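Chemist: Shown below is the structure under consideration.
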Amino acid sequence: MSITVFGSINLDLTVSVEQMPEPGVTSHATGFLKGLGGKGANQAVAATRLAKSKVRFVAAVGADAFGDSLKASLVALGVDTDDLVTMAEHDSGIALIHVDSTSQNTITVVGGANMAWPSDGPDAACFDGCKVALFQLETPKDATIAAMRKARAAGATVILDPAPIASTGMDALLAEADIITPNETEAAGLSGTKPTSFNEALEVARALCQRGPQTVIVKLGSKGLVYACKDGRSGQLEPFRVNAIDTVAAGDSFNGGLAAALAEGMELEAALRFASAAGALATTRKGASEAVPSRDATDRLLLST
Ligand code: RIB
């Protein structure tokens, strides 16, 4: 049984700044990093590093020099690139990222080849033998829905990270997901209510369960997470305390960790703890895919608390 990630791959151009730029202001960066990113790629790297099962990554690069270098980065990080396609006449995806001195980030994505999938998505064969399938929203909505349906038909548990959130059509995506993992902002976008406490986040999670998913996990960053299930289970998890310097790809490491844990047969609570540990460790390193922690480091953090 394997894990399949269908998603984006970007060249991340990351600048460190004291504070987020304001309109009309030119400022000096305090650092610069260029590397492999994209929510799909980060999640594929995380699943590959953290899971005991085989991981397939279904993604697209452009027919350009960036595409070659992104592919080489995936190979260097141990990700299977057999399902990577090159979209002729498209540029590879790019993400422009700011990280401020409080380690928060803003990201602007230029989709390129990631947005060139046909509306029927990738081949159904990408989900053969798949136990857990991961999706995000840096690919076209119709192609993503088609891919989620193919994953479901193959018997996989379908996890959707609803990021970046779309202003319309989210219900069609929620209907195809078993588990969704929005952060606070995405939960607010989906529900129309910005949760300001654990109880409010829990209420939002419960309400979102009524729109399709069996389980809704609201990631609250340094405040931990809450979850609610259609069968009535719910709860909250405290965060792992780490020295956070860069939150880029923390959510992706969480999702990759969740897929790895569920593919191993862990119960939801244990899987959430494992995923949280992976997400926390990702914040202790700069960059996106390069910041994803190893299985050993994740197991050590779990054992130390
Ligand atoms: O989740 C972080 C990722 O979002 C970055 O790697 C960037 O490429 C954007 O997709």
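Ligands are numbered from 1 in the order shown, residues from 1 within each chain, and chains are lettered A, B, ... in the order they appear in the structure tokens.
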Determine which residues of stretch 35-234 of chain A DSSP labels as strand (DSSP E) from the backbone of this structure, then write them out as a ChimeraX atom specification.

Modeler: /A:35-37,54-62,84-87,93-99,105-110,130-135,157-160,179-180,215-219,225-229,234

Chemist: Neighbours of ligand 1 at 6 Å or closer, counting only C-alpha atoms and all ligand atoms: which residues, as JSON, numbers by chain?

Modeler: {"A": [10, 12, 37, 38, 39, 95, 248, 249, 252, 288]}

Chemist: What does the distance between atom CA of A:Thr283 and atom CA of A:Asp246 come to in Å, to one decimal place?

Modeler: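 Straight-line distance from atom CA of A:Thr283 to atom CA of A:Asp246 works out to 5.0 Å.
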
Chemist: Just checking: using only C-alpha atoms, which residue out of A:Val292, A:Asn199, A:Ser8, A:His98 ends up closest to A:Gly111?

Modeler: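 Closest candidate: A:Ser8.
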
Chemist: Find the residues around A:Thr157 up to 8 Å (only C-alpha atoms counted), leave out those fewer than 3 positions away in its own chain, and share them as a list in words.

Modeler: Lys131, Val132, Ala133, Ala151, Arg152, Asp178 and Ile179 of chain A

Chemist: Which residue gives the smallest distance to A:Glu184 among A:Pro140, A:Pro23, A:Gly251, A:Pro118, with only C-alpha atoms counted?

Modeler: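 Among the listed residues, the smallest separation from A:Glu184 belongs to A:Gly251.
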
Chemist: Between A:Thr30, A:Gln210, A:Thr284, A:Thr298, which has the minimum distance to A:Ala51 (counting only C-alpha atoms)?

Modeler: A:Thr298

Chemist: Could you pull out the residues in stretch 49-246 of chain A that DSSP calls alpha helix (DSSP H) from the backbone, as a PyMOL selection string?

Modeler: chain A and resi 49-50+65-76+141-153+170-174+184-191+198-209

Chemist: Choose the residue, out of A:Val158, A:Val218, A:Ala207, A:Ala260, that has the smallest atom-to-atom separation from A:Ala47; count only C-alpha atoms.

Modeler: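 Among the listed residues, A:Ala260 lies closest to A:Ala47.
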
Chemist: Show me, as a list in words, the residues that have an atom within 7 Å of A:Pro162 when counting only C-alpha atoms, minus same-chain residues fewer than 6 positions from it.

Modeler: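 So the residues in contact are Gln136, Leu137, Ile180, Thr181, Pro182 and Glu186 of chain A.
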
Chemist: Neighbouring residues of A:Ser53 were defined as those with any atom within 8 Å, considering only C-alpha atoms; residues of the same chain fewer than 2 positions away were excluded. Please report them as a VMD selection string.

Modeler: chain A and resid 1 to 3 51 55 260 263 to 264

Chemist: Taking N, CA, C and O atoms for each residue, export the selection above as a short mmCIF file (atom, residue, chain, number, x, y, z; two decimals), in the first residue's frame.

Modeler:
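The result, stored in out.cif:
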data_model
loop_
_atom_site.label_atom_id
_atom_site.label_comp_id
_atom_site.auth_asym_id
_atom_site.auth_seq_id
_atom_site.Cartn_x
_atom_site.Cartn_y
_atom_site.Cartn_z
N MET A 1 0.84 -1.20 0.00
CA MET A 1 0.00 0.00 0.00
C MET A 1 0.88 1.25 0.00
O MET A 1 1.90 1.29 0.65
N SER A 2 0.43 2.27 -0.75
CA SER A 2 1.30 3.44 -0.89
C SER A 2 0.56 4.73 -0.57
O SER A 2 -0.64 4.74 -0.30
N ILE A 3 1.33 5.82 -0.59
CA ILE A 3 0.77 7.17 -0.44
C ILE A 3 0.96 7.86 -1.78
O ILE A 3 2.04 7.77 -2.38
N ALA A 51 7.32 8.34 6.00
CA ALA A 51 6.49 7.14 5.88
C ALA A 51 7.33 5.89 5.70
O ALA A 51 8.46 5.93 5.21
N VAL A 55 5.97 6.18 -1.68
CA VAL A 55 5.28 7.44 -1.93
C VAL A 55 5.39 7.79 -3.41
O VAL A 55 6.49 7.75 -3.99
N ALA A 260 1.62 9.77 6.47
CA ALA A 260 2.53 8.67 6.84
C ALA A 260 1.95 7.88 8.02
O ALA A 260 1.94 6.64 8.01
N ALA A 263 -1.20 5.92 7.03
CA ALA A 263 -0.84 4.79 6.17
C ALA A 263 -0.27 3.64 6.99
O ALA A 263 -0.38 2.47 6.61
N GLU A 264 0.33 3.99 8.14
CA GLU A 264 0.88 2.95 9.04
C GLU A 264 -0.18 2.34 9.92
O GLU A 264 0.10 1.42 10.70
#

Chemist: Report as an MDAnalysis selection string all protein, DNA and RNA residues lying within 10 Å of A:Asn183, evaluated on only C-alpha atoms, omitting residues in the same chain fewer than 6 positions from it.

Modeler: chainID A and resid 161:163 189 217:221 225 251

Chemist: State, in Å with one decimal place, the distance from atom CA of A:Ala270 to atom CA of A:Gly235.

Modeler: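 Separation of atom CA of A:Ala270 and atom CA of A:Gly235: 12.3 Å.
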
Chemist: In terms of the shortest atom-to-atom distance over only C-alpha atoms, which of A:Ile9, A:Ala59, A:Leu36, A:Leu77 is closest to A:Cys126?

Modeler: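 Smallest distance to A:Cys126 is found for A:Ala59.
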
Chemist: Which residues are near A:Asp123? Cut-off 12 Å, only C-alpha atoms, ignore same chain within fewer than 2 positions. Put them as a list of chain:residue names.

Modeler: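 Returned residues: A:Phe6, A:Val58, A:Ala59, A:Asp83, A:Val85, A:Trp117, A:Pro118, A:Ser119, A:Asp120, A:Gly121, A:Ala125, A:Cys126, A:Phe127, A:Asp128, A:Ala143, A:Thr144, A:Ala146, A:Ala147, A:Met148, A:Arg149, A:Lys150, A:Ala151, A:Ala154.
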
Chemist: In Å to one decimal, how far is atom CA of A:Phe254 from atom CA of A:Ser191?

Modeler: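 These two atoms are separated by 21.8 Å.
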
Chemist: Nearest to A:Asp171 among A:Arg233, A:Arg206, A:Lys141, A:Lys34, with distances taken over only C-alpha atoms: which residue is it?

Modeler: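 Selected residue with least distance to A:Asp171: A:Lys141.
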